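Chemist: Data file start.csv (CSV, C-alpha atoms) is appended below.
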chain,number,residue,atom,x,y,z
A,19,MET,CA,76.4,7.1,-12.5
A,20,ASN,CA,79.1,9.7,-11.9
A,21,ALA,CA,78.6,12.4,-9.3
A,22,PRO,CA,78.4,16.0,-10.6
A,23,ASP,CA,81.9,17.6,-10.7
A,24,PRO,CA,82.1,21.4,-10.4
A,25,ASN,CA,85.6,21.3,-11.9
A,26,THR,CA,84.4,19.7,-15.2
A,27,ILE,CA,84.5,22.2,-18.0
A,28,ASN,CA,82.1,20.3,-20.4
A,29,PRO,CA,79.3,18.8,-18.3
A,30,ILE,CA,77.4,17.5,-21.4
A,31,ALA,CA,79.4,14.7,-23.0
A,32,GLY,CA,80.3,15.4,-26.6
A,33,TYR,CA,79.0,19.0,-26.5
A,34,ASP,CA,81.3,22.0,-26.0
A,35,ARG,CA,78.8,24.9,-26.3
A,36,GLU,CA,77.8,24.7,-22.7
A,37,ILE,CA,80.5,24.9,-19.9
A,38,TYR,CA,80.8,25.2,-16.2
A,39,VAL,CA,82.3,28.6,-15.8
A,40,LYS,CA,84.4,28.3,-12.6
A,41,PRO,CA,87.1,26.0,-13.9
A,42,THR,CA,87.8,28.2,-16.9
A,43,ILE,CA,88.3,31.5,-15.1
A,44,LYS,CA,91.8,33.2,-15.4
A,45,ASN,CA,91.0,36.7,-14.3
A,46,PRO,CA,91.3,36.9,-10.5
A,47,ASN,CA,88.7,39.6,-10.4
A,48,ILE,CA,86.0,37.3,-11.7
A,49,ILE,CA,84.6,35.0,-9.0
A,50,VAL,CA,82.1,32.3,-10.0
A,51,GLY,CA,80.4,29.7,-7.9
A,52,ASP,CA,80.2,25.9,-8.5
A,53,PHE,CA,77.9,24.6,-11.3
A,54,THR,CA,77.2,28.0,-12.9
A,55,TYR,CA,77.2,27.5,-16.6
A,56,ILE,CA,77.1,29.5,-19.8
A,57,ALA,CA,75.7,28.4,-23.2
A,58,ASP,CA,79.0,29.0,-25.0
A,59,TYR,CA,82.4,27.4,-25.2
A,60,GLU,CA,84.1,30.1,-23.1
A,61,PHE,CA,83.1,32.9,-20.7
A,62,GLU,CA,85.6,35.7,-20.3
A,63,SER,CA,84.8,37.4,-23.6
A,64,HIS,CA,81.3,38.0,-22.2
A,65,VAL,CA,82.9,40.3,-19.6
A,66,THR,CA,83.7,43.6,-21.4
A,67,HIS,CA,85.7,46.7,-20.5
A,68,PHE,CA,87.6,44.7,-17.8
A,69,TYR,CA,91.3,45.5,-17.7
A,70,PRO,CA,94.3,44.7,-15.4
A,71,TRP,CA,93.9,48.1,-13.8
A,72,SER,CA,90.1,47.8,-13.2
A,73,ARG,CA,88.9,48.4,-9.7
A,74,ASP,CA,85.7,46.3,-9.8
A,75,LYS,CA,84.9,42.6,-9.5
A,76,LEU,CA,82.4,40.4,-11.2
A,77,ILE,CA,81.0,38.0,-8.6
A,78,ILE,CA,78.5,35.3,-9.6
A,79,GLY,CA,77.0,32.7,-7.3
A,80,LYS,CA,76.3,29.0,-7.7
A,81,PHE,CA,74.0,27.2,-10.1
A,82,CYS,CA,73.4,30.2,-12.3
A,83,GLN,CA,72.3,29.7,-15.9
A,84,ILE,CA,73.7,32.1,-18.4
A,85,ALA,CA,72.4,32.0,-21.9
A,86,ALA,CA,74.2,32.7,-25.2
A,87,GLY,CA,75.1,36.3,-26.0
A,88,VAL,CA,74.9,37.7,-22.4
A,89,GLU,CA,77.3,40.6,-21.7
A,90,PHE,CA,78.6,41.8,-18.4
A,91,VAL,CA,79.7,45.5,-18.9
A,92,MET,CA,82.2,46.5,-16.3
A,93,ASN,CA,82.9,50.0,-14.9
A,94,ASP,CA,85.8,50.9,-17.2
A,95,ALA,CA,83.3,51.2,-20.0
A,96,ASN,CA,82.3,54.5,-18.5
A,97,HIS,CA,83.5,57.9,-19.8
A,98,GLN,CA,83.9,61.1,-17.8
A,99,MET,CA,80.5,62.7,-17.4
A,100,ASN,CA,81.2,65.7,-15.2
A,101,ALA,CA,82.9,67.7,-18.0
A,102,VAL,CA,81.5,69.3,-21.1
A,103,THR,CA,82.7,66.5,-23.3
A,104,THR,CA,82.7,62.7,-22.7
A,105,PHE,CA,85.3,62.2,-25.4
A,106,PRO,CA,88.2,60.1,-23.9
A,107,PHE,CA,91.2,62.0,-25.4
A,108,TYR,CA,93.6,60.5,-22.9
A,109,THR,CA,93.0,57.0,-24.4
A,110,LEU,CA,93.9,57.9,-27.9
A,111,ASP,CA,97.3,58.7,-29.5
A,112,GLY,CA,98.3,62.3,-30.2
A,113,TRP,CA,95.9,64.1,-27.8
A,114,HIS,CA,97.4,66.1,-24.9
A,115,MET,CA,95.3,64.9,-22.0
A,116,LYS,CA,96.2,63.2,-18.8
A,117,ALA,CA,93.9,60.4,-17.5
A,118,PRO,CA,91.2,61.8,-15.3
A,119,GLU,CA,91.3,61.4,-11.6
A,120,LYS,CA,89.5,58.3,-10.4
A,121,SER,CA,87.1,60.5,-8.5
A,122,ASP,CA,86.1,62.1,-11.8
A,123,MET,CA,85.1,58.8,-13.4
A,124,PRO,CA,81.7,57.1,-12.8
A,125,PHE,CA,82.2,54.0,-10.6
A,126,LYS,CA,79.3,51.9,-9.4
A,127,GLY,CA,81.2,49.2,-7.6
A,128,ASP,CA,81.2,45.4,-8.0
A,129,THR,CA,78.7,43.6,-10.1
A,130,VAL,CA,77.2,40.8,-8.0
A,131,ILE,CA,74.9,38.1,-9.2
A,132,GLY,CA,73.3,35.8,-6.6
A,133,ASN,CA,72.7,32.0,-6.8
A,134,ASP,CA,70.3,30.2,-9.1
A,135,VAL,CA,69.9,33.2,-11.4
A,136,TRP,CA,68.7,32.6,-14.9
A,137,ILE,CA,70.0,35.3,-17.4
A,138,GLY,CA,68.2,35.1,-20.7
A,139,GLN,CA,69.8,35.3,-24.2
A,140,ASN,CA,71.6,38.5,-25.2
A,141,ALA,CA,70.8,40.3,-21.9
A,142,VAL,CA,73.2,43.1,-20.9
A,143,ILE,CA,74.2,43.5,-17.2
A,144,LEU,CA,75.5,47.0,-16.6
A,145,PRO,CA,78.3,48.0,-14.1
A,146,GLY,CA,77.6,47.7,-10.4
A,147,VAL,CA,74.3,45.9,-10.7
A,148,ASN,CA,73.2,43.5,-7.9
A,149,ILE,CA,70.9,40.7,-8.9
A,150,GLY,CA,69.3,38.7,-6.0
A,151,ASP,CA,69.1,34.9,-5.6
A,152,GLY,CA,66.6,33.1,-7.8
A,153,ALA,CA,65.9,36.1,-10.1
A,154,ILE,CA,65.1,35.7,-13.8
A,155,ILE,CA,66.4,38.2,-16.4
A,156,GLY,CA,64.4,38.2,-19.7
A,157,ALA,CA,66.1,37.8,-23.0
A,158,ASN,CA,67.5,41.0,-24.6
A,159,SER,CA,67.1,42.9,-21.3
A,160,VAL,CA,69.4,45.7,-20.2
A,161,VAL,CA,69.8,45.6,-16.5
A,162,GLY,CA,71.0,48.8,-14.9
A,163,SER,CA,69.6,48.7,-11.4
A,164,ARG,CA,69.1,46.2,-8.5
A,165,VAL,CA,67.0,43.1,-9.1
A,166,ASP,CA,65.3,41.7,-6.0
A,167,PRO,CA,65.5,38.0,-5.2
A,168,TYR,CA,63.0,35.7,-6.9
A,169,THR,CA,61.7,38.4,-9.2
A,170,ILE,CA,61.4,38.4,-13.0
A,171,VAL,CA,62.6,41.5,-14.9
A,172,ALA,CA,62.6,42.2,-18.6
A,173,GLY,CA,63.0,45.0,-21.1
A,174,ASN,CA,65.3,48.0,-21.8
A,175,PRO,CA,65.7,49.2,-19.2
A,176,ALA,CA,64.7,46.1,-17.3
A,177,LYS,CA,61.6,46.5,-15.2
A,178,LEU,CA,59.8,44.3,-12.7
A,179,ILE,CA,57.4,41.9,-14.4
A,180,ARG,CA,56.4,40.0,-11.3
A,181,LYS,CA,57.6,38.2,-8.2
A,182,ARG,CA,58.1,34.5,-8.9
A,183,PHE,CA,56.5,33.4,-5.6
A,184,ASP,CA,54.6,34.8,-2.7
A,185,ASP,CA,56.5,36.5,0.1
A,186,GLU,CA,56.4,33.5,2.4
A,187,LEU,CA,58.0,31.1,-0.2
A,188,ILE,CA,60.6,33.7,-1.1
A,189,GLU,CA,61.6,34.0,2.5
A,190,LEU,CA,61.7,30.3,3.0
A,191,MET,CA,63.9,29.8,-0.1
A,192,LEU,CA,66.3,32.6,1.0
A,193,SER,CA,66.6,30.9,4.3
A,194,PHE,CA,66.9,27.4,2.9
A,195,LYS,CA,69.8,28.2,0.5
A,196,TRP,CA,69.7,24.9,-1.3
A,197,TRP,CA,72.7,25.8,-3.4
A,198,ASP,CA,75.0,25.7,-0.3
A,199,LYS,CA,74.1,22.0,0.5
A,200,SER,CA,76.2,19.0,-0.5
A,201,ILE,CA,75.8,17.3,-3.8
A,202,ASP,CA,74.2,14.3,-2.1
A,203,GLU,CA,71.7,16.6,-0.3
A,204,ILE,CA,70.9,18.4,-3.5
A,205,ASN,CA,70.3,15.2,-5.4
A,206,ALA,CA,67.9,14.1,-2.7
A,207,LEU,CA,66.2,17.5,-2.9
A,208,ILE,CA,65.6,17.5,-6.6
A,209,PRO,CA,62.0,16.3,-6.4
A,210,LEU,CA,61.3,19.2,-4.0
A,211,LEU,CA,63.3,21.8,-6.0
A,212,THR,CA,61.6,20.8,-9.3
A,213,SER,CA,58.0,20.5,-7.9
A,214,SER,CA,55.3,22.8,-9.4
A,215,ASP,CA,53.2,22.2,-6.3
A,216,LEU,CA,54.4,25.4,-4.5
A,217,GLU,CA,52.0,24.9,-1.5
A,218,ALA,CA,53.5,21.5,-0.9
A,219,VAL,CA,57.0,23.0,-1.2
A,220,LYS,CA,56.1,25.6,1.4
A,221,SER,CA,54.8,23.1,3.8
A,222,LYS,CA,58.0,21.0,3.6
A,223,LEU,CA,60.2,24.1,4.1
A,224,ARG,CA,58.3,25.5,7.0
In structure tokens, write the structure found in this file.
Modeler:
Amino acid sequence: MNAPDPNTINPIAGYDREIYVKPTIKNPNIIVGDFTYIADYEFESHVTHFYPWSRDKLIIGKFCQIAAGVEFVMNDANHQMNAVTTFPFYTLDGWHMKAPEKSDMPFKGDTVIGNDVWIGQNAVILPGVNIGDGAIIGANSVVGSRVDPYTIVAGNPAKLIRKRFDDELIELMLSFKWWDKSIDEINALIPLLTSSDLEAVKSKLR
């Protein structure tokens, strides 16, 4: 049996609608960890309003699961909001307007997605959002604010549904960082990582 290879584009033989994202990235401002996949045959069209002059980055951790139709909206989608109109005259031919100063444009920083995050179908991640490790984003959600690790959020705007685990297990998982271990170690850990006996998991991680 072959070992998992993070540089493989199509990890399912004969099926091209699920890819490992990292080996396909061309934009240097998109940084994606090993084994993160999307349910599509390409990734970068899901990152919108991202131009050669954009100041922000999209940073996604390892082992994330990104469903079909997910969109990452970057900061240059924003319009000037501190004037009486939001109309972007400067982007359109024939209007006599210089580009606004950078300080006049909304800017929320990098968009950062942790490790082992599941983003449901057609979710929209807005600029500058930080999503913690192990979080789950419900289908069709619009995420505009921070999502804590190992929580489930859903809706428009996305709101907390519940924590996935109790505080002890969350802290243990954040310390354990299984996604940073070697392939051999992760393979050996699969029975633990996929166990539904959370009390037994806690006892082994303590």
Chemist: Taking a cut-off of 12 Å and counting only C-alpha atoms, can you build a table that, for each residue of range 79-150 of chain A near range 158-168 of chain A, reports the nearest atom pair and how far apart they are in Å (one decimal), sorted by chain then residue number, as a Markdown table?
Modeler:
| residue | atom | partner | partner_atom | distance |
| --- | --- | --- | --- | --- |
| A:Ala85 | CA | A:Asn158 | CA | 10.6 |
| A:Ala86 | CA | A:Asn158 | CA | 10.7 |
| A:Gly87 | CA | A:Asn158 | CA | 9.0 |
| A:Val88 | CA | A:Asn158 | CA | 8.4 |
| A:Glu89 | CA | A:Val160 | CA | 9.5 |
| A:Phe90 | CA | A:Val161 | CA | 9.8 |
| A:Val91 | CA | A:Gly162 | CA | 10.1 |
| A:Met92 | CA | A:Gly162 | CA | 11.5 |
| A:Asn93 | CA | A:Gly162 | CA | 12.0 |
| A:Lys126 | CA | A:Ser163 | CA | 10.4 |
| A:Thr129 | CA | A:Arg164 | CA | 10.1 |
| A:Val130 | CA | A:Arg164 | CA | 9.7 |
| A:Ile131 | CA | A:Val165 | CA | 9.3 |
| A:Gly132 | CA | A:Pro167 | CA | 8.2 |
| A:Asn133 | CA | A:Pro167 | CA | 9.5 |
| A:Asp134 | CA | A:Tyr168 | CA | 9.4 |
| A:Val135 | CA | A:Tyr168 | CA | 8.6 |
| A:Trp136 | CA | A:Tyr168 | CA | 10.3 |
| A:Ile137 | CA | A:Ser159 | CA | 9.0 |
| A:Gly138 | CA | A:Asn158 | CA | 7.1 |
| A:Gln139 | CA | A:Asn158 | CA | 6.2 |
| A:Asn140 | CA | A:Asn158 | CA | 4.8 |
| A:Ala141 | CA | A:Asn158 | CA | 4.3 |
| A:Val142 | CA | A:Val160 | CA | 4.7 |
| A:Ile143 | CA | A:Val161 | CA | 4.9 |
| A:Leu144 | CA | A:Gly162 | CA | 5.1 |
| A:Pro145 | CA | A:Gly162 | CA | 7.4 |
| A:Gly146 | CA | A:Gly162 | CA | 8.1 |
| A:Val147 | CA | A:Ser163 | CA | 5.5 |
| A:Asn148 | CA | A:Arg164 | CA | 4.9 |
| A:Ile149 | CA | A:Val165 | CA | 4.6 |
| A:Gly150 | CA | A:Pro167 | CA | 3.9 |
Chemist: Go through A:Gly156, A:Lys40, A:Phe53, A:Glu186 one by one, measure the shortest atom-to-atom distance of each to Ser221 in chain A using only C-alpha atoms, and give the residue with the smallest value.
Modeler: A:Glu186
Chemist: Which residues of range 74-108 of chain A have any atom within 9 Å of an atom in range 121-124 of chain A when counting all atoms listed in the file, and what is the closest pair of atoms for each, with the distance in Å to one decimal? Order the rows by chain and rising number and write it as a Markdown table.
Modeler:
| residue | atom | partner | partner_atom | distance |
| --- | --- | --- | --- | --- |
| A:Asn93 | CA | A:Pro124 | CA | 7.5 |
| A:Asp94 | CA | A:Pro124 | CA | 8.6 |
| A:Asn96 | CA | A:Pro124 | CA | 6.3 |
| A:His97 | CA | A:Met123 | CA | 6.7 |
| A:Gln98 | CA | A:Met123 | CA | 5.1 |
| A:Met99 | CA | A:Met123 | CA | 7.2 |
| A:Asn100 | CA | A:Asp122 | CA | 7.0 |
| A:Ala101 | CA | A:Asp122 | CA | 8.9 |
Chemist: Between CA of Tyr55 in chain A and CA of Met191 in chain A, what is the distance in Å, rounded to a tenth?
Modeler: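 For CA of Tyr55 in chain A relative to CA of Met191 in chain A, the distance reads 21.3 Å.
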Chemist: Please measure the separation of CA of Trp197 in chain A and CA of Val65 in chain A, giving the value in Å to one decimal.
Modeler: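 A separation of 24.0 Å between them.
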